[in-house]
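S.K.: I'm passing along final-v3.txt; it holds compact mmCIF, C-alpha atoms and all ligand atoms.
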```txt
# COMPACT_ATOMS: atom_id res chain seq x y z
CA MET Z 8 0.00 0.00 0.00
CA ILE Z 9 1.21 3.46 -0.84
CA ASN Z 10 1.98 5.75 2.08
CA LEU Z 11 -0.54 8.58 2.39
CA LYS Z 12 1.00 10.06 5.54
CA LYS Z 13 2.32 13.18 3.78
CA ILE Z 14 -1.15 14.24 2.68
CA THR Z 15 -3.33 12.97 5.54
CA LYS Z 16 -3.61 13.39 9.29
CA LYS Z 17 -4.89 10.45 11.32
CA GLY Z 18 -6.11 8.95 8.06
CA LYS Z 19 -8.22 11.98 7.17
CA ALA Z 20 -7.66 14.64 4.51
CA LEU Z 21 -8.50 18.27 3.91
CA PHE Z 22 -7.08 19.68 0.69
CA LEU Z 23 -7.39 23.26 -0.45
CA ALA Z 24 -8.17 23.17 -4.18
CA TYR Z 25 -6.98 26.03 -6.36
CA ASP Z 26 -6.96 24.91 -9.97
CA GLN Z 27 -10.13 26.84 -10.75
CA GLY Z 28 -8.18 29.66 -12.45
CA LEU Z 29 -7.65 27.23 -15.31
CA GLU Z 30 -10.80 25.12 -15.00
CA HIS Z 31 -13.29 27.99 -14.62
CA GLY Z 32 -11.32 31.14 -15.33
CA PRO Z 33 -11.01 34.30 -13.23
CA SER Z 34 -14.79 34.62 -12.79
CA ASP Z 35 -14.36 32.64 -9.56
CA PHE Z 36 -11.95 35.23 -8.14
CA ASN Z 37 -12.03 38.56 -6.35
CA ASP Z 38 -9.22 41.01 -5.52
CA LYS Z 39 -7.99 38.86 -2.63
CA ASN Z 40 -8.27 35.26 -3.76
CA VAL Z 41 -6.87 35.97 -7.21
CA ASP Z 42 -3.47 35.99 -5.48
CA PRO Z 43 -1.93 32.51 -4.96
CA ASN Z 44 -0.14 33.84 -1.87
CA TYR Z 45 -3.51 34.38 -0.21
CA ILE Z 46 -4.31 30.69 -0.81
CA ILE Z 47 -0.94 29.50 0.50
CA GLU Z 48 -1.55 31.57 3.63
CA ILE Z 49 -5.00 29.98 4.19
CA ALA Z 50 -3.57 26.50 3.59
CA LYS Z 51 -0.82 27.15 6.12
CA LYS Z 52 -2.81 28.89 8.85
CA GLY Z 53 -5.78 26.57 8.33
CA GLY Z 54 -3.65 23.45 8.75
CA TYR Z 55 -4.69 21.88 5.43
CA THR Z 56 -3.17 18.47 4.70
CA GLY Z 57 -2.52 19.50 1.11
CA VAL Z 58 -2.89 22.35 -1.38
CA VAL Z 59 -3.74 21.71 -5.02
CA PHE Z 60 -2.01 23.73 -7.74
CA GLN Z 61 -1.22 23.46 -11.40
CA LYS Z 62 2.41 23.45 -12.50
CA GLY Z 63 2.65 27.20 -13.24
CA ILE Z 64 1.70 28.31 -9.74
CA ALA Z 65 3.80 25.54 -8.20
CA GLU Z 66 6.82 26.89 -10.14
CA LYS Z 67 6.31 30.59 -9.57
CA TYR Z 68 5.44 30.27 -5.88
CA LYS Z 69 7.78 27.40 -5.12
CA SER Z 70 9.57 29.09 -2.23
CA GLU Z 71 6.34 30.31 -0.59
CA ILE Z 72 4.82 26.81 -0.82
CA LYS Z 73 7.96 25.26 0.61
CA LYS Z 74 8.02 27.76 3.46
CA SER Z 75 4.37 27.05 4.30
CA LYS Z 76 5.20 23.35 4.82
CA VAL Z 77 1.81 22.41 3.37
CA SER Z 78 2.04 19.34 1.11
CA LEU Z 79 1.81 20.21 -2.55
CA ILE Z 80 -0.61 18.20 -4.66
CA LEU Z 81 0.23 18.84 -8.26
CA LYS Z 82 -2.55 18.60 -10.84
CA LEU Z 83 -1.04 17.02 -13.93
CA ASN Z 84 -3.81 17.81 -16.41
CA GLY Z 85 -6.32 20.54 -16.94
CA LYS Z 86 -8.50 22.40 -19.42
CA THR Z 87 -10.42 25.63 -19.71
CA ASN Z 88 -14.21 25.75 -19.73
CA LEU Z 89 -14.22 27.56 -23.08
CA VAL Z 90 -14.40 24.42 -25.20
CA LYS Z 91 -17.85 22.85 -25.39
CA GLY Z 92 -18.91 19.28 -26.14
CA ASP Z 93 -17.55 16.06 -24.62
CA PRO Z 94 -14.68 17.12 -22.36
CA ILE Z 95 -11.05 16.09 -22.57
CA SER Z 96 -8.35 17.18 -20.17
CA ARG Z 97 -4.80 16.52 -21.37
CA GLN Z 98 -1.59 16.15 -19.44
CA LEU Z 99 0.29 19.42 -18.81
CA CYS Z 100 2.97 18.23 -16.40
CA THR Z 101 4.90 15.02 -15.72
CA VAL Z 102 5.43 13.06 -12.50
CA LYS Z 103 9.13 13.86 -12.74
CA GLU Z 104 8.44 17.61 -12.89
CA ALA Z 105 5.99 17.27 -9.99
CA ILE Z 106 8.67 15.64 -7.85
CA LYS Z 107 11.14 18.39 -8.78
CA LEU Z 108 8.57 20.93 -7.61
CA GLY Z 109 8.33 19.15 -4.26
CA ALA Z 110 4.94 17.45 -4.72
CA GLY Z 111 3.74 15.03 -2.05
CA ALA Z 112 1.10 13.65 -4.44
CA VAL Z 113 -0.16 14.10 -7.98
CA GLY Z 114 -3.68 14.55 -9.32
CA TYR Z 115 -5.34 13.85 -12.64
CA THR Z 116 -8.92 14.43 -13.85
CA ILE Z 117 -10.80 11.82 -15.87
CA TYR Z 118 -14.20 12.58 -17.37
CA ILE Z 119 -15.76 9.14 -17.52
CA GLY Z 120 -18.49 8.88 -20.12
CA SER Z 121 -16.83 11.42 -22.40
CA LYS Z 122 -16.07 10.09 -25.88
CA HIS Z 123 -12.45 10.97 -25.08
CA GLU Z 124 -12.22 8.94 -21.86
CA SER Z 125 -9.79 6.38 -23.34
CA ILE Z 126 -7.21 9.14 -23.98
CA MET Z 127 -7.44 10.23 -20.34
CA PHE Z 128 -7.24 6.60 -19.15
CA LYS Z 129 -4.08 6.12 -21.20
CA GLU Z 130 -2.42 9.23 -19.78
CA PHE Z 131 -3.50 8.23 -16.28
CA GLU Z 132 -2.02 4.77 -16.77
CA ASN Z 133 1.42 6.21 -17.52
CA ILE Z 134 1.21 8.67 -14.64
CA GLN Z 135 0.09 5.98 -12.19
CA ARG Z 136 2.95 3.68 -13.23
CA GLU Z 137 5.55 6.44 -12.91
CA ALA Z 138 4.15 7.62 -9.56
CA ARG Z 139 4.15 4.05 -8.21
CA LYS Z 140 7.86 3.73 -8.99
CA LYS Z 141 8.53 6.89 -6.97
CA GLY Z 142 6.15 6.02 -4.13
CA LEU Z 143 4.00 9.06 -4.85
CA PRO Z 144 0.23 8.87 -4.13
CA VAL Z 145 -2.09 9.41 -7.08
CA ILE Z 146 -5.38 11.22 -6.70
CA ALA Z 147 -7.93 10.82 -9.49
CA TRP Z 148 -10.61 13.46 -9.90
CA ILE Z 149 -13.36 11.37 -11.52
CA TYR Z 150 -16.28 13.26 -12.98
CA PRO Z 151 -18.91 11.61 -15.20
CA ARG Z 152 -19.45 14.03 -18.09
CA GLY Z 153 -20.52 14.06 -21.71
CA LYS Z 154 -23.54 13.38 -23.89
CA SER Z 155 -23.71 9.65 -23.10
CA ILE Z 156 -24.39 9.96 -19.37
CA LYS Z 157 -27.64 11.93 -19.57
CA SER Z 158 -29.97 9.01 -18.76
CA LYS Z 159 -27.97 7.64 -15.80
CA SER Z 160 -28.93 8.30 -12.17
CA SER Z 161 -26.64 10.30 -9.89
CA ARG Z 162 -26.41 7.26 -7.54
CA GLU Z 163 -25.22 5.03 -10.36
CA LEU Z 164 -22.76 7.62 -11.65
CA MET Z 165 -21.27 8.40 -8.24
CA ALA Z 166 -20.68 4.71 -7.52
CA TYR Z 167 -19.31 4.19 -11.05
CA ALA Z 168 -16.85 7.06 -10.57
CA ALA Z 169 -15.71 5.58 -7.25
CA ARG Z 170 -15.36 2.07 -8.66
CA THR Z 171 -13.42 3.37 -11.66
CA GLY Z 172 -10.88 4.85 -9.25
CA LEU Z 173 -10.33 1.47 -7.62
CA GLU Z 174 -10.09 -0.34 -10.95
CA ILE Z 175 -7.49 2.01 -12.47
CA GLY Z 176 -5.23 2.10 -9.41
CA ALA Z 177 -5.90 5.49 -7.84
CA ASP Z 178 -4.92 5.83 -4.17
CA ILE Z 179 -7.55 8.49 -3.55
CA ILE Z 180 -10.48 9.46 -5.71
CA LYS Z 181 -12.19 12.76 -5.70
CA ILE Z 182 -15.86 12.66 -6.64
CA LYS Z 183 -18.84 14.97 -6.39
CA TYR Z 184 -21.46 14.27 -3.72
CA ASN Z 185 -25.09 14.14 -4.92
CA GLY Z 186 -26.38 15.04 -1.44
CA LYS Z 187 -27.79 11.61 -0.57
CA ILE Z 188 -25.84 9.87 2.16
CA ALA Z 189 -27.07 6.35 1.25
CA ASP Z 190 -25.75 6.86 -2.28
CA LEU Z 191 -22.40 8.07 -1.00
CA LYS Z 192 -22.09 5.07 1.31
CA TRP Z 193 -22.61 2.83 -1.72
CA ALA Z 194 -19.98 4.78 -3.68
CA VAL Z 195 -17.47 4.46 -0.82
CA LYS Z 196 -18.11 0.70 -0.73
CA ASN Z 197 -17.44 0.52 -4.43
CA ALA Z 198 -14.11 2.28 -3.97
CA GLY Z 199 -12.85 -0.61 -1.80
CA LYS Z 200 -9.39 0.19 -0.42
CA THR Z 201 -9.17 3.36 -2.52
CA ARG Z 202 -9.93 6.33 -0.28
CA VAL Z 203 -12.67 8.76 -1.22
CA ILE Z 204 -12.67 12.55 -0.94
CA ILE Z 205 -15.40 14.94 -1.99
CA ALA Z 206 -15.28 18.15 -4.03
CA GLY Z 207 -16.69 21.31 -2.48
CA GLY Z 208 -18.64 22.70 -5.43
CA VAL Z 209 -20.16 26.16 -5.70
CA LYS Z 210 -20.26 28.26 -2.57
CA LYS Z 211 -23.15 27.35 -0.28
CA ASN Z 212 -24.34 28.67 3.07
CA GLU Z 213 -22.44 27.56 6.13
CA ARG Z 214 -25.16 25.33 7.58
CA GLU Z 215 -25.61 23.44 4.36
CA LEU Z 216 -21.84 23.05 3.90
CA LEU Z 217 -21.27 21.71 7.42
CA ARG Z 218 -24.22 19.35 7.11
CA GLN Z 219 -22.65 17.95 3.94
CA VAL Z 220 -19.26 17.58 5.60
CA ARG Z 221 -20.94 15.62 8.43
CA GLU Z 222 -22.58 13.30 5.90
CA ILE Z 223 -19.35 12.88 3.95
CA VAL Z 224 -17.55 11.75 7.11
CA ASP Z 225 -20.45 9.50 8.18
CA ALA Z 226 -20.52 7.86 4.76
CA GLY Z 227 -16.89 6.78 5.16
CA ALA Z 228 -15.10 9.28 2.93
CA ILE Z 229 -11.79 10.49 4.38
CA GLY Z 230 -12.40 14.19 3.76
CA LEU Z 231 -12.62 16.88 1.12
CA ALA Z 232 -10.71 18.75 -1.54
CA ILE Z 233 -12.47 22.05 -1.32
CA GLY Z 234 -11.86 25.40 -2.95
CA ARG Z 235 -14.53 28.02 -3.54
CA ASN Z 236 -16.35 27.39 -0.25
CA ILE Z 237 -13.16 28.38 1.54
CA TRP Z 238 -11.40 31.10 -0.42
CA GLN Z 239 -14.64 32.80 -1.49
CA ASN Z 240 -15.66 32.94 2.17
CA LYS Z 241 -14.93 36.28 3.86
CA LYS Z 242 -13.57 34.36 6.87
CA PRO Z 243 -11.78 31.37 5.38
CA LEU Z 244 -10.04 30.36 8.59
CA GLU Z 245 -13.24 30.35 10.62
CA ILE Z 246 -15.05 28.06 8.21
CA THR Z 247 -11.92 25.88 7.98
CA LYS Z 248 -11.92 25.46 11.75
CA LYS Z 249 -15.55 24.34 11.71
CA ILE Z 250 -14.94 21.86 8.90
CA LYS Z 251 -11.89 20.45 10.70
CA LYS Z 252 -13.94 19.96 13.84
CA VAL Z 253 -16.37 17.79 11.92
CA ILE Z 254 -13.60 15.79 10.22
CA TRP Z 255 -11.25 15.30 13.17
CA GLY Z 256 -13.61 15.87 16.07
P1 LIG Z 301 -14.39 23.47 -5.60
O1 LIG Z 301 -14.42 23.07 -4.14
O2 LIG Z 301 -14.19 24.93 -5.77
O3 LIG Z 301 -15.61 22.94 -6.34
O4 LIG Z 301 -13.13 22.77 -6.23
C1 LIG Z 301 -13.10 21.41 -6.47
C2 LIG Z 301 -12.78 21.10 -7.92
O5 LIG Z 301 -12.69 19.72 -8.15
C3 LIG Z 301 -11.52 21.77 -8.43
O6 LIG Z 301 -10.37 21.04 -8.14
C4 LIG Z 301 -11.81 21.93 -9.89
O7 LIG Z 301 -11.22 23.04 -10.43
C5 LIG Z 301 -13.30 22.14 -9.92
O8 LIG Z 301 -13.82 21.58 -8.73
C6 LIG Z 301 -13.95 21.51 -11.10
O9 LIG Z 301 -15.22 22.02 -11.22
P2 LIG Z 301 -16.20 21.67 -12.38
O10 LIG Z 301 -17.24 20.80 -11.76
O11 LIG Z 301 -16.78 22.99 -12.78
O12 LIG Z 301 -15.45 20.99 -13.48
```
Please render this file's structure as structure tokens.
M.R.:
Amino acid sequence: MINLKKITKKGKALFLAYDQGLEHGPSDFNDKNVDPNYIIEIAKKGGYTGVVFQKGIAEKYKSEIKKSKVSLILKLNGKTNLVKGDPISRQLCTVKEAIKLGAGAVGYTIYIGSKHESIMFKEFENIQREARKKGLPVIAWIYPRGKSIKSKSSRELMAYAARTGLEIGADIIKIKYNGKIADLKWAVKNAGKTRVIIAGGVKKNERELLRQVREIVDAGAIGLAIGRNIWQNKKPLEITKKIKKVIWG
């Protein structure tokens, strides 16, 4: 089994996700959170077990990330949201480069159901093999997307995403929660020994967010990789503290 100690605490995880500048564009940002240093500061002061960046930010802010002592999770692929149709996210960085940048884990997004999924599976295969050799954990963001998935239920898709992660050799999979705890429990079961974390999604009110975190923990997921709900919050450290209390007690 791969060692997840660098990116977990007592077996649980809280990652601060900040790849939205590429995935969504600057529309997610304001004057404060547009600055990667603001995110590094939250990750450090908030005691996050990892911070997710693309290669460019990891390079330009290398010394600040190192100083923060927060584990770097390097996203190895990405895309903008400007292209429409079945999504494909291609590799933008190698495992070797990630290690050079000090990464404690690497991440890769696969859009299952997209007509391009086989290309992403192929890239993931190479990344997973390379990461295994170096003892680096691999986190797969698995999002069902594309024309072909329209008729499938969210329960079926969530469990399929989780199971895919186990089948392809991910150490952790990041999936989206449909809001039904019974469905998430089933997805976690399908992931077997692969750990499950949940994406934050669009910013919601505090009560709703904390209720979801409670359910995520109760369903057996090990935590979250969350972005907008933290750095779009006016008091990111306060909300972080509340989330941590639910995860770690
Ligand atoms: P959020 O907590 O902000 O949703 O971030 C989680 C995340 O998985 C990011 O890593 C990624 O950029 C984004 O969500 C993908 O969102 P989308 O569903 O729009 O593709």
S.K.: Can I get the residues close to ligand LIG 301 (chain Z) as a list in words, where close means within 8 Å and we count all atoms listed in the file?
M.R.: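 Those residues are Leu23, Ala24, Tyr25, Asp26, Gln27, Gly28, Leu29, Glu30, His31, Val59, Asn88, Trp148, Tyr150, Lys181, Ile182, Lys183, Ala206, Gly207, Gly208, Val209, Lys210, Ala232, Ile233, Gly234, Arg235, Asn236 and Ile237 of chain Z.
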S.K.: Closest to Gly63 in chain Z among Z:Tyr45, Z:Lys192, Z:Trp255, Z:Asn84, using only C-alpha atoms?
M.R.: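 Under the stated criterion, the closest residue is Z:Asn84.
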S.K.: Compare Z:Leu143, Z:Lys249, Z:Gly120, Z:Ala50 by their minimum atom-to-atom distance to Lys13 in chain Z, counting all atoms listed in the file, and give me the closest one.
M.R.: Z:Leu143
S.K.: Using only C-alpha atoms for the distances, tell me which of Z:Arg162, Z:Lys157, Z:Lys242, Z:His123 is nearest to Lys187 in chain Z.
M.R.: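 Counting only C-alpha atoms, the residue closest to Lys187 in chain Z is Z:Arg162.
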S.K.: As an exercise, work out the distance from CA of Lys200 in chain Z to CA of Ile80 in chain Z in Å and give it to one decimal place.
M.R.: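 Going from CA of Lys200 in chain Z over to CA of Ile80 in chain Z covers 20.5 Å.
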S.K.: Would you kindly return, as a PDB file with C-alpha atoms, keeping the file's coordinate frame, each protein, DNA or RNA residue with an atom no farther than 10 Å from any atom of range 218-226 of chain Z, considering all atoms listed in the file and excluding same-chain residues fewer than 6 positions away?
M.R.:
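Below is the file around21.pdb, written as the result:
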```pdb
ATOM      1  CA  LYS Z  19      -8.220  11.980   7.170  1.00  0.00           C
ATOM      2  CA  TYR Z 184     -21.460  14.270  -3.720  1.00  0.00           C
ATOM      3  CA  ASN Z 185     -25.090  14.140  -4.920  1.00  0.00           C
ATOM      4  CA  GLY Z 186     -26.380  15.040  -1.440  1.00  0.00           C
ATOM      5  CA  LYS Z 187     -27.790  11.610  -0.570  1.00  0.00           C
ATOM      6  CA  ILE Z 188     -25.840   9.870   2.160  1.00  0.00           C
ATOM      7  CA  ALA Z 189     -27.070   6.350   1.250  1.00  0.00           C
ATOM      8  CA  ASP Z 190     -25.750   6.860  -2.280  1.00  0.00           C
ATOM      9  CA  LEU Z 191     -22.400   8.070  -1.000  1.00  0.00           C
ATOM     10  CA  LYS Z 192     -22.090   5.070   1.310  1.00  0.00           C
ATOM     11  CA  TRP Z 193     -22.610   2.830  -1.720  1.00  0.00           C
ATOM     12  CA  ALA Z 194     -19.980   4.780  -3.680  1.00  0.00           C
ATOM     13  CA  VAL Z 195     -17.470   4.460  -0.820  1.00  0.00           C
ATOM     14  CA  LYS Z 196     -18.110   0.700  -0.730  1.00  0.00           C
ATOM     15  CA  VAL Z 203     -12.670   8.760  -1.220  1.00  0.00           C
ATOM     16  CA  ILE Z 204     -12.670  12.550  -0.940  1.00  0.00           C
ATOM     17  CA  ILE Z 205     -15.400  14.940  -1.990  1.00  0.00           C
ATOM     18  CA  GLY Z 207     -16.690  21.310  -2.480  1.00  0.00           C
ATOM     19  CA  LYS Z 249     -15.550  24.340  11.710  1.00  0.00           C
ATOM     20  CA  ILE Z 250     -14.940  21.860   8.900  1.00  0.00           C
ATOM     21  CA  LYS Z 251     -11.890  20.450  10.700  1.00  0.00           C
ATOM     22  CA  LYS Z 252     -13.940  19.960  13.840  1.00  0.00           C
ATOM     23  CA  VAL Z 253     -16.370  17.790  11.920  1.00  0.00           C
ATOM     24  CA  ILE Z 254     -13.600  15.790  10.220  1.00  0.00           C
ATOM     25  CA  TRP Z 255     -11.250  15.300  13.170  1.00  0.00           C
TER      26      TRP Z 255
END
```
S.K.: Which residues are near Phe128 in chain Z? Cut-off 9 Å, all atoms listed in the file, ignore same chain within fewer than 4 positions. Put them as a PDB file with C-alpha atoms, in the coordinates of the input.
M.R.:
```pdb
ATOM      1  CA  ILE Z 117     -10.800  11.820 -15.870  1.00  0.00           C
ATOM      2  CA  GLU Z 124     -12.220   8.940 -21.860  1.00  0.00           C
ATOM      3  CA  GLU Z 132      -2.020   4.770 -16.770  1.00  0.00           C
ATOM      4  CA  ASN Z 133       1.420   6.210 -17.520  1.00  0.00           C
ATOM      5  CA  ILE Z 175      -7.490   2.010 -12.470  1.00  0.00           C
TER       6      ILE Z 175
END
```
S.K.: Which neighbours of range 168-172 of chain Z fall inside 6 Å, counting all atoms listed in the file, when residues of the same chain fewer than 5 positions from it are skipped, and could you give them as a VMD selection string?
M.R.: chain Z and resid 149 177 180 194 197 to 198
S.K.: Considering all atoms listed in the file, give me a table of residues in range 50-150 of chain Z that are at most 9 Å from range 244-247 of chain Z, with the closest atom pair and distance in Å for each, as CSV.
M.R.:
```
residue,atom,partner,partner_atom,distance
Z:Lys52,CA,Z:Leu244,CA,7.4
Z:Gly53,CA,Z:Leu244,CA,5.7
Z:Gly54,CA,Z:Thr247,CA,8.7
Z:Tyr55,CA,Z:Thr247,CA,8.6
```
S.K.: Could you write out the selected residues, including C-alpha atoms, as a PDB file, keeping the file's coordinate frame?
M.R.:
```pdb
ATOM      1  CA  LYS Z  52      -2.810  28.890   8.850  1.00  0.00           C
ATOM      2  CA  GLY Z  53      -5.780  26.570   8.330  1.00  0.00           C
ATOM      3  CA  GLY Z  54      -3.650  23.450   8.750  1.00  0.00           C
ATOM      4  CA  TYR Z  55      -4.690  21.880   5.430  1.00  0.00           C
TER       5      TYR Z  55
END
```
S.K.: If you measure from CA of Gly153 in chain Z to CA of Leu173 in chain Z, what distance in Å do you get, rounded to one decimal?
M.R.: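 Pair CA of Gly153 in chain Z / CA of Leu173 in chain Z returns 21.5 Å.
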S.K.: Rounded to one decimal in Å, what is the spacing between CA of Leu11 in chain Z and CA of Phe60 in chain Z?
M.R.: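 Distance reported for this atom pair: 18.3 Å.
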S.K.: Which is closest to Ala112 in chain Z among Z:Lys76, Z:Lys12, Z:Lys154, Z:Lys51, if we use only C-alpha atoms?
M.R.: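 Distance minimum relative to Ala112 in chain Z lands on Z:Lys12.
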S.K.: Could you give me, as a ChimeraX atom specification, the residues within 9 Å of Phe131 in chain Z, counting all atoms listed in the file and dropping anything in the same chain fewer than 5 positions from it?
M.R.: /Z:98,115-117,126,136,147,175
S.K.: Point out the residue among Z:Gln135, Z:Asn10, Z:Thr101, Z:Ser155 with the least atom-to-atom distance to Ser121 in chain Z, counting all atoms listed in the file.
M.R.: Z:Ser155
S.K.: Tell me which of Z:Tyr167, Z:Trp238, Z:Tyr118, Z:Phe22 sits closest to Leu79 in chain Z, counting all atoms listed in the file.
M.R.: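 Using all atoms listed in the file, Leu79 in chain Z sits closest to Z:Phe22.
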S.K.: Could you give me, as number ranges by chain, the residues within 12 Å of Ile72 in chain Z, counting only C-alpha atoms and dropping anything in the same chain fewer than 3 positions from it?
M.R.: Z: 43-51, 57-60, 64-69, 75-81, 108-111
